[in-house]
>>> print(open('coords-v3.cif').read())   # mmCIF, C-alpha atoms, pLDDT in the B column; chains and numbers go by the auth columns
data_coords
#
loop_
_atom_site.group_PDB
_atom_site.id
_atom_site.type_symbol
_atom_site.label_atom_id
_atom_site.label_comp_id
_atom_site.label_asym_id
_atom_site.label_seq_id
_atom_site.Cartn_x
_atom_site.Cartn_y
_atom_site.Cartn_z
_atom_site.B_iso_or_equiv
_atom_site.auth_seq_id
_atom_site.auth_asym_id
ATOM 1 C CA MET A 1 13.064 -9.392 -9.842 67.00 1 I
ATOM 2 C CA LEU A 2 15.131 -6.964 -7.792 69.00 2 I
ATOM 3 C CA SER A 3 15.380 -4.508 -10.678 81.00 3 I
ATOM 4 C CA LEU A 4 11.604 -4.694 -11.236 82.00 4 I
ATOM 5 C CA LYS A 5 11.010 -3.998 -7.555 80.00 5 I
ATOM 6 C CA ARG A 6 13.410 -1.039 -7.655 80.00 6 I
ATOM 7 C CA LEU A 7 11.769 0.266 -10.855 83.00 7 I
ATOM 8 C CA LEU A 8 8.318 0.077 -9.273 82.00 8 I
ATOM 9 C CA ASP A 9 9.655 1.774 -6.149 79.00 9 I
ATOM 10 C CA ARG A 10 11.099 4.754 -8.030 80.00 10 I
ATOM 11 C CA SER A 11 9.023 5.218 -11.190 84.00 11 I
ATOM 12 C CA LEU A 12 5.486 6.543 -11.245 85.00 12 I
ATOM 13 C CA THR A 13 5.282 5.521 -14.915 90.00 13 I
ATOM 14 C CA ALA A 14 6.082 1.906 -14.049 90.00 14 I
ATOM 15 C CA GLN A 15 3.452 1.971 -11.320 90.00 15 I
ATOM 16 C CA ALA A 16 0.927 3.435 -13.756 92.00 16 I
ATOM 17 C CA THR A 17 1.705 0.714 -16.298 94.00 17 I
ATOM 18 C CA LEU A 18 1.229 -1.992 -13.685 92.00 18 I
ATOM 19 C CA VAL A 19 -2.075 -0.484 -12.498 93.00 19 I
ATOM 20 C CA PHE A 20 -3.273 -0.184 -16.101 95.00 20 I
ATOM 21 C CA LEU A 21 -2.470 -3.812 -16.903 95.00 21 I
ATOM 22 C CA LEU A 22 -4.035 -5.095 -13.680 94.00 22 I
ATOM 23 C CA GLY A 23 -7.114 -2.933 -14.238 93.00 23 I
ATOM 24 C CA LEU A 24 -7.380 -4.173 -17.808 94.00 24 I
ATOM 25 C CA GLY A 25 -7.186 -7.804 -16.723 93.00 25 I
ATOM 26 C CA ILE A 26 -9.693 -7.423 -13.910 91.00 26 I
ATOM 27 C CA THR A 27 -12.089 -5.444 -16.098 91.00 27 I
ATOM 28 C CA ALA A 28 -11.833 -8.072 -18.849 91.00 28 I
ATOM 29 C CA LEU A 29 -12.462 -10.805 -16.290 90.00 29 I
ATOM 30 C CA PHE A 30 -15.642 -9.246 -14.910 87.00 30 I
ATOM 31 C CA ARG A 31 -16.977 -7.657 -18.124 87.00 31 I
ATOM 32 C CA LYS A 32 -16.464 -10.420 -20.664 89.00 32 I
ATOM 33 C CA ASP A 33 -19.491 -9.439 -22.730 90.00 33 I
ATOM 34 C CA GLU A 34 -18.372 -5.849 -23.373 91.00 34 I
ATOM 35 C CA HIS A 35 -16.170 -4.581 -26.169 93.00 35 I
ATOM 36 C CA PRO A 36 -12.407 -4.501 -25.429 92.00 36 I
ATOM 37 C CA ALA A 37 -12.398 -0.723 -25.959 94.00 37 I
ATOM 38 C CA VAL A 38 -14.601 -0.430 -22.866 92.00 38 I
ATOM 39 C CA TRP A 39 -12.051 -2.486 -20.953 92.00 39 I
ATOM 40 C CA VAL A 40 -9.292 -0.097 -22.003 94.00 40 I
ATOM 41 C CA LEU A 41 -11.358 2.983 -21.078 95.00 41 I
ATOM 42 C CA HIS A 42 -12.224 1.617 -17.647 93.00 42 I
ATOM 43 C CA SER A 43 -8.626 0.633 -17.027 94.00 43 I
ATOM 44 C CA ALA A 44 -7.436 4.096 -18.119 95.00 44 I
ATOM 45 C CA LEU A 45 -9.904 5.682 -15.679 95.00 45 I
ATOM 46 C CA TYR A 46 -8.722 3.457 -12.820 93.00 46 I
ATOM 47 C CA THR A 47 -5.108 4.245 -13.703 95.00 47 I
ATOM 48 C CA GLY A 48 -5.756 8.001 -13.774 95.00 48 I
ATOM 49 C CA VAL A 49 -7.322 7.942 -10.327 95.00 49 I
ATOM 50 C CA ALA A 50 -4.571 5.727 -8.880 93.00 50 I
ATOM 51 C CA VAL A 51 -1.745 7.804 -10.383 93.00 51 I
ATOM 52 C CA ALA A 52 -3.279 11.056 -9.154 94.00 52 I
ATOM 53 C CA PHE A 53 -3.588 9.598 -5.665 93.00 53 I
ATOM 54 C CA LEU A 54 -0.021 8.253 -5.723 88.00 54 I
ATOM 55 C CA ALA A 55 1.439 11.499 -7.058 88.00 55 I
ATOM 56 C CA VAL A 56 -0.265 13.615 -4.390 91.00 56 I
ATOM 57 C CA GLN A 57 0.758 11.205 -1.656 88.00 57 I
ATOM 58 C CA ARG A 58 4.357 11.043 -2.890 86.00 58 I
ATOM 59 C CA ARG A 59 4.623 14.835 -3.219 87.00 59 I
ATOM 60 C CA ARG A 60 3.196 15.398 0.252 88.00 60 I
ATOM 61 C CA ALA A 61 5.574 12.881 1.821 86.00 61 I
ATOM 62 C CA ALA A 62 8.569 14.307 -0.037 85.00 62 I
ATOM 63 C CA ARG A 63 7.714 17.830 1.160 87.00 63 I
ATOM 64 C CA ALA A 64 7.313 16.675 4.748 84.00 64 I
ATOM 65 C CA VAL A 65 10.700 14.966 4.671 85.00 65 I
ATOM 66 C CA GLY A 66 12.471 17.668 2.674 85.00 66 I
ATOM 67 C CA THR A 67 13.692 15.531 -0.229 85.00 67 I
ATOM 68 C CA ASP A 68 12.646 14.539 -3.737 83.00 68 I
ATOM 69 C CA ALA A 69 10.769 11.392 -4.767 78.00 69 I
ATOM 70 C CA GLY A 70 13.994 9.475 -5.477 80.00 70 I
ATOM 71 C CA GLY A 71 15.400 10.369 -2.078 84.00 71 I
ATOM 72 C CA LEU A 72 12.148 9.324 -0.474 86.00 72 I
ATOM 73 C CA ALA A 73 12.359 5.931 -2.206 84.00 73 I
ATOM 74 C CA ASP A 74 15.953 5.534 -0.976 87.00 74 I
ATOM 75 C CA LEU A 75 14.968 6.396 2.588 90.00 75 I
ATOM 76 C CA ASN A 76 12.092 3.904 2.501 89.00 76 I
ATOM 77 C CA ARG A 77 14.449 1.231 1.173 89.00 77 I
ATOM 78 C CA LYS A 78 16.867 1.949 4.020 91.00 78 I
ATOM 79 C CA ILE A 79 14.023 1.599 6.515 92.00 79 I
ATOM 80 C CA ARG A 80 13.081 -1.786 5.021 90.00 80 I
ATOM 81 C CA HIS A 81 16.698 -2.957 5.197 90.00 81 I
ATOM 82 C CA HIS A 82 17.336 -1.492 8.680 91.00 82 I
ATOM 83 C CA GLU A 83 20.150 0.754 7.386 91.00 83 I
ATOM 84 C CA VAL A 84 20.864 3.868 9.440 91.00 84 I
ATOM 85 C CA PRO A 85 22.273 6.679 7.269 90.00 85 I
ATOM 86 C CA GLN A 86 25.670 8.096 8.200 90.00 86 I
ATOM 87 C CA ASP A 87 25.145 11.537 6.676 89.00 87 I
ATOM 88 C CA PRO A 88 23.649 13.988 9.258 89.00 88 I
ATOM 89 C CA GLN A 89 21.309 15.569 6.693 90.00 89 I
ATOM 90 C CA GLU A 90 20.081 12.175 5.593 90.00 90 I
ATOM 91 C CA GLN A 91 19.604 11.179 9.237 91.00 91 I
ATOM 92 C CA ALA A 92 17.491 14.282 9.810 91.00 92 I
ATOM 93 C CA ALA A 93 15.388 13.466 6.737 91.00 93 I
ATOM 94 C CA MET A 94 15.065 9.879 7.967 93.00 94 I
ATOM 95 C CA ARG A 95 13.909 11.088 11.405 93.00 95 I
ATOM 96 C CA ARG A 96 11.231 13.259 9.786 93.00 96 I
ATOM 97 C CA LEU A 97 10.106 10.397 7.534 92.00 97 I
ATOM 98 C CA VAL A 98 9.920 7.891 10.388 94.00 98 I
ATOM 99 C CA ALA A 99 8.012 10.371 12.570 93.00 99 I
ATOM 100 C CA GLU A 100 5.607 11.166 9.725 92.00 100 I
ATOM 101 C CA GLN A 101 4.937 7.514 8.914 92.00 101 I
ATOM 102 C CA LEU A 102 4.556 6.497 12.553 94.00 102 I
ATOM 103 C CA GLY A 103 2.093 9.339 13.086 92.00 103 I
ATOM 104 C CA GLN A 104 0.076 8.330 10.038 91.00 104 I
ATOM 105 C CA MET A 105 -0.052 4.695 11.064 93.00 105 I
ATOM 106 C CA GLU A 106 -1.054 5.534 14.633 93.00 106 I
ATOM 107 C CA ARG A 107 -3.807 7.864 13.438 93.00 107 I
ATOM 108 C CA ALA A 108 -5.057 5.252 10.987 91.00 108 I
ATOM 109 C CA GLY A 109 -4.951 2.632 13.731 91.00 109 I
ATOM 110 C CA LYS A 110 -7.898 4.287 15.460 93.00 110 I
ATOM 111 C CA TRP A 111 -10.129 3.427 12.505 93.00 111 I
ATOM 112 C CA LEU A 112 -8.689 -0.020 11.791 92.00 112 I
ATOM 113 C CA PRO A 113 -11.150 -2.009 13.969 92.00 113 I
ATOM 114 C CA TYR A 114 -14.076 -0.297 12.258 94.00 114 I
ATOM 115 C CA TRP A 115 -12.724 -1.009 8.760 93.00 115 I
ATOM 116 C CA LEU A 116 -12.028 -4.619 9.646 91.00 116 I
ATOM 117 C CA GLY A 117 -15.525 -4.909 11.128 92.00 117 I
ATOM 118 C CA VAL A 118 -17.102 -3.545 7.948 93.00 118 I
ATOM 119 C CA MET A 119 -15.049 -5.933 5.830 92.00 119 I
ATOM 120 C CA GLY A 120 -16.128 -8.811 8.078 89.00 120 I
ATOM 121 C CA LEU A 121 -19.774 -7.785 7.743 92.00 121 I
ATOM 122 C CA VAL A 122 -19.426 -7.656 3.970 91.00 122 I
ATOM 123 C CA ALA A 123 -17.887 -11.140 3.931 89.00 123 I
ATOM 124 C CA VAL A 124 -20.631 -12.546 6.168 89.00 124 I
ATOM 125 C CA GLY A 125 -23.320 -10.756 4.161 90.00 125 I
ATOM 126 C CA VAL A 126 -22.068 -12.115 0.844 88.00 126 I
ATOM 127 C CA PHE A 127 -21.853 -15.597 2.349 86.00 127 I
ATOM 128 C CA VAL A 128 -25.415 -15.387 3.712 89.00 128 I
ATOM 129 C CA LEU A 129 -26.753 -14.061 0.387 88.00 129 I
ATOM 130 C CA GLY A 130 -24.995 -16.915 -1.387 86.00 130 I
ATOM 131 C CA ALA A 131 -26.438 -19.462 1.034 86.00 131 I
ATOM 132 C CA VAL A 132 -29.940 -18.066 0.539 89.00 132 I
ATOM 133 C CA SER A 133 -29.608 -18.105 -3.251 86.00 133 I
ATOM 134 C CA GLY A 134 -28.233 -21.650 -3.245 83.00 134 I
ATOM 135 C CA SER A 135 -24.717 -20.974 -4.512 82.00 135 I
ATOM 136 C CA LEU A 136 -22.011 -21.357 -1.880 84.00 136 I
ATOM 137 C CA VAL A 137 -18.804 -21.628 -3.918 86.00 137 I
ATOM 138 C CA PHE A 138 -18.381 -18.008 -5.007 85.00 138 I
ATOM 139 C CA PRO A 139 -19.549 -16.453 -1.700 87.00 139 I
ATOM 140 C CA LEU A 140 -17.295 -18.818 0.234 87.00 140 I
ATOM 141 C CA LEU A 141 -14.335 -17.791 -1.934 88.00 141 I
ATOM 142 C CA ILE A 142 -15.132 -14.118 -1.321 87.00 142 I
ATOM 143 C CA ALA A 143 -15.430 -14.685 2.437 87.00 143 I
ATOM 144 C CA VAL A 144 -12.137 -16.596 2.577 90.00 144 I
ATOM 145 C CA GLY A 145 -10.494 -13.941 0.410 91.00 145 I
ATOM 146 C CA MET A 146 -11.766 -11.197 2.709 91.00 146 I
ATOM 147 C CA VAL A 147 -10.431 -12.999 5.793 90.00 147 I
ATOM 148 C CA MET A 148 -7.076 -13.461 4.076 93.00 148 I
ATOM 149 C CA LEU A 149 -6.990 -9.779 3.076 93.00 149 I
ATOM 150 C CA CYS A 150 -7.767 -8.644 6.630 92.00 150 I
ATOM 151 C CA SER A 151 -5.104 -10.965 8.018 93.00 151 I
ATOM 152 C CA TRP A 152 -2.574 -9.653 5.511 95.00 152 I
ATOM 153 C CA VAL A 153 -3.415 -6.029 6.373 93.00 153 I
ATOM 154 C CA LEU A 154 -2.938 -6.716 10.085 94.00 154 I
ATOM 155 C CA TRP A 155 0.321 -8.572 9.492 96.00 155 I
ATOM 156 C CA MET A 156 1.738 -5.815 7.224 96.00 156 I
ATOM 157 C CA ARG A 157 0.691 -3.112 9.675 95.00 157 I
ATOM 158 C CA ARG A 158 2.415 -4.882 12.557 96.00 158 I
ATOM 159 C CA ARG A 159 5.518 -5.490 10.457 96.00 159 I
ATOM 160 C CA SER A 160 5.682 -1.864 9.293 95.00 160 I
ATOM 161 C CA MET A 161 5.156 -0.526 12.795 96.00 161 I
ATOM 162 C CA ASP A 162 7.963 -2.769 14.089 95.00 162 I
ATOM 163 C CA ARG A 163 10.313 -1.548 11.360 95.00 163 I
ATOM 164 C CA LEU A 164 9.508 2.092 11.998 95.00 164 I
ATOM 165 C CA ARG A 165 9.904 1.736 15.760 96.00 165 I
ATOM 166 C CA GLN A 166 13.244 -0.030 15.320 95.00 166 I
ATOM 167 C CA MET A 167 14.466 2.714 12.987 94.00 167 I
ATOM 168 C CA HIS A 168 13.212 5.386 15.389 95.00 168 I
ATOM 169 C CA GLN A 169 15.174 3.721 18.190 94.00 169 I
ATOM 170 C CA ALA A 170 18.292 3.356 16.015 92.00 170 I
ATOM 171 C CA LEU A 171 18.120 7.017 14.960 91.00 171 I
ATOM 172 C CA ARG A 172 17.677 8.092 18.573 90.00 172 I
ATOM 173 C CA GLN A 173 20.886 6.270 19.508 87.00 173 I
ATOM 174 C CA GLN A 174 22.858 8.061 16.768 76.00 174 I
#
>>> encode(input="coords-v3.cif", output="structure tokens")
Amino acid sequence: MLSLKRLLDRSLTAQATLVFLLGLGITALFRKDEHPAVWVLHSALYTGVAVAFLAVQRRRAARAVGTDAGGLADLNRKIRHHEVPQDPQEQAAMRRLVAEQLGQMERAGKWLPYWLGVMGLVAVGVFVLGAVSGSLVFPLLIAVGMVMLCSWVLWMRRRSMDRLRQMHQALRQQ
């Protein structure tokens, strides 16, 4: 499991393969009546969009930090494991990465209540439409899933902010 996690952390190809397989499964689940070639085409489209987004995001972050994609993955792993680098150049790169990620998360935090509100409205709307149409099982599952997703997003955001603040404090003490 650890090697799979490390492979997904470092390899854009592994991430693309995972996105393709997940997209294929989800497309097959929701479009059972269509030909499997359509499933593959849709999944390839989803994968292309996701990989383009990931590549641009990874390149931008690597430029901001001043390292390559592998170095960026190593720095992120060190942040997750609360490891402060000993090398002064690596510490400087870590400071830039922590500052960049903290800034992004704080800027995104302004819009978080609005996104969560929209997701809540969607969940309530689907539930109400299901109640009006007479079917409550599927809308209830969607509403519960949406609440769980929002809770997970809030928990991960808090956890990531705590990690970044701890690393910022540790780097300041160095």
>>> residues_around(input="coords-v3.cif", residues="segment 41-56 of chain I", least_positions_apart="3", cutoff="8 Å", atoms="only C-alpha atoms", output="list in words")
Leu12, Gln15, Ala16, Val19, Phe20, Leu21, Gly23, Leu24, Thr27, Ala37, Val38, Arg59 and Arg60 of chain I
>>> closest_residue(input="coords-v3.cif", among="I:Leu154, I:Leu72, I:Ala170, I:Ala28", to="Pro113 of chain I", atoms="all atoms listed in the file")
I:Leu154
>>> closest_residue(input="coords-v3.cif", among="I:Lys78, I:Leu164, I:Arg31, I:Gly70", to="Arg58 of chain I", atoms="only C-alpha atoms")
I:Gly70
>>> resolve_selection(input="coords-v3.cif", expression="the PyMOL selection byres ((chain I and resi 167) around 8)", output="PyMOL selection string")
chain I and resi 79+82+84+98+163-166+168-171
>>> residues_near_point(input="coords-v3.cif", point="(13.9, 1.6, -0.6)", cutoff="10 Å", atoms="only C-alpha atoms", output="ChimeraX atom specification")
/I:5-6,9-10,70-81
>>> residues_around(input="coords-v3.cif", residues="Cys150 of chain I", least_positions_apart="4", cutoff="8 Å", atoms="all atoms listed in the file", output="list of chain:residue names")
I:Leu116, I:Met119, I:Met146, I:Leu154
>>> write_last_selection(input="coords-v3.cif", atoms="C-alpha atoms", output="PDB file, keeping the file's coordinate frame")
ATOM      1  CA  LEU I 116     -12.028  -4.619   9.646  1.00 91.00           C
ATOM      2  CA  MET I 119     -15.049  -5.933   5.830  1.00 92.00           C
ATOM      3  CA  MET I 146     -11.766 -11.197   2.709  1.00 91.00           C
ATOM      4  CA  LEU I 154      -2.938  -6.716  10.085  1.00 94.00           C
TER       5      LEU I 154
END
>>> atom_distance(input="coords-v3.cif", atom1="atom CA of Leu112 of chain I", atom2="atom CA of Met148 of chain I")
15.6 Å
>>> atom_distance(input="coords-v3.cif", atom1="atom CA of Leu97 of chain I", atom2="atom CA of Trp111 of chain I")
22.0 Å
>>> atom_distance(input="coords-v3.cif", atom1="atom CA of Ala69 of chain I", atom2="atom CA of Ala93 of chain I")
12.6 Å
>>> closest_residue(input="coords-v3.cif", among="I:Met105, I:Ala99, I:Leu29, I:Val124", to="Arg159 of chain I", atoms="all atoms listed in the file")
I:Met105
>>> closest_residue(input="coords-v3.cif", among="I:Ala64, I:Leu7, I:Phe138, I:Arg172", to="Gln91 of chain I", atoms="only C-alpha atoms")
I:Arg172
>>> closest_residue(input="coords-v3.cif", among="I:Ser11, I:Pro139, I:Arg158, I:Trp39", to="Glu106 of chain I", atoms="only C-alpha atoms")
I:Arg158
>>> resolve_selection(input="coords-v3.cif", expression="the PyMOL selection byres ((chain I and resi 127) around 9)", output="PyMOL selection string")
chain I and resi 122-126+128-132+136+138-143
>>> closest_residue(input="coords-v3.cif", among="I:Ile26, I:Asp68, I:Pro36, I:Arg157", to="Ala108 of chain I", atoms="only C-alpha atoms")
I:Arg157
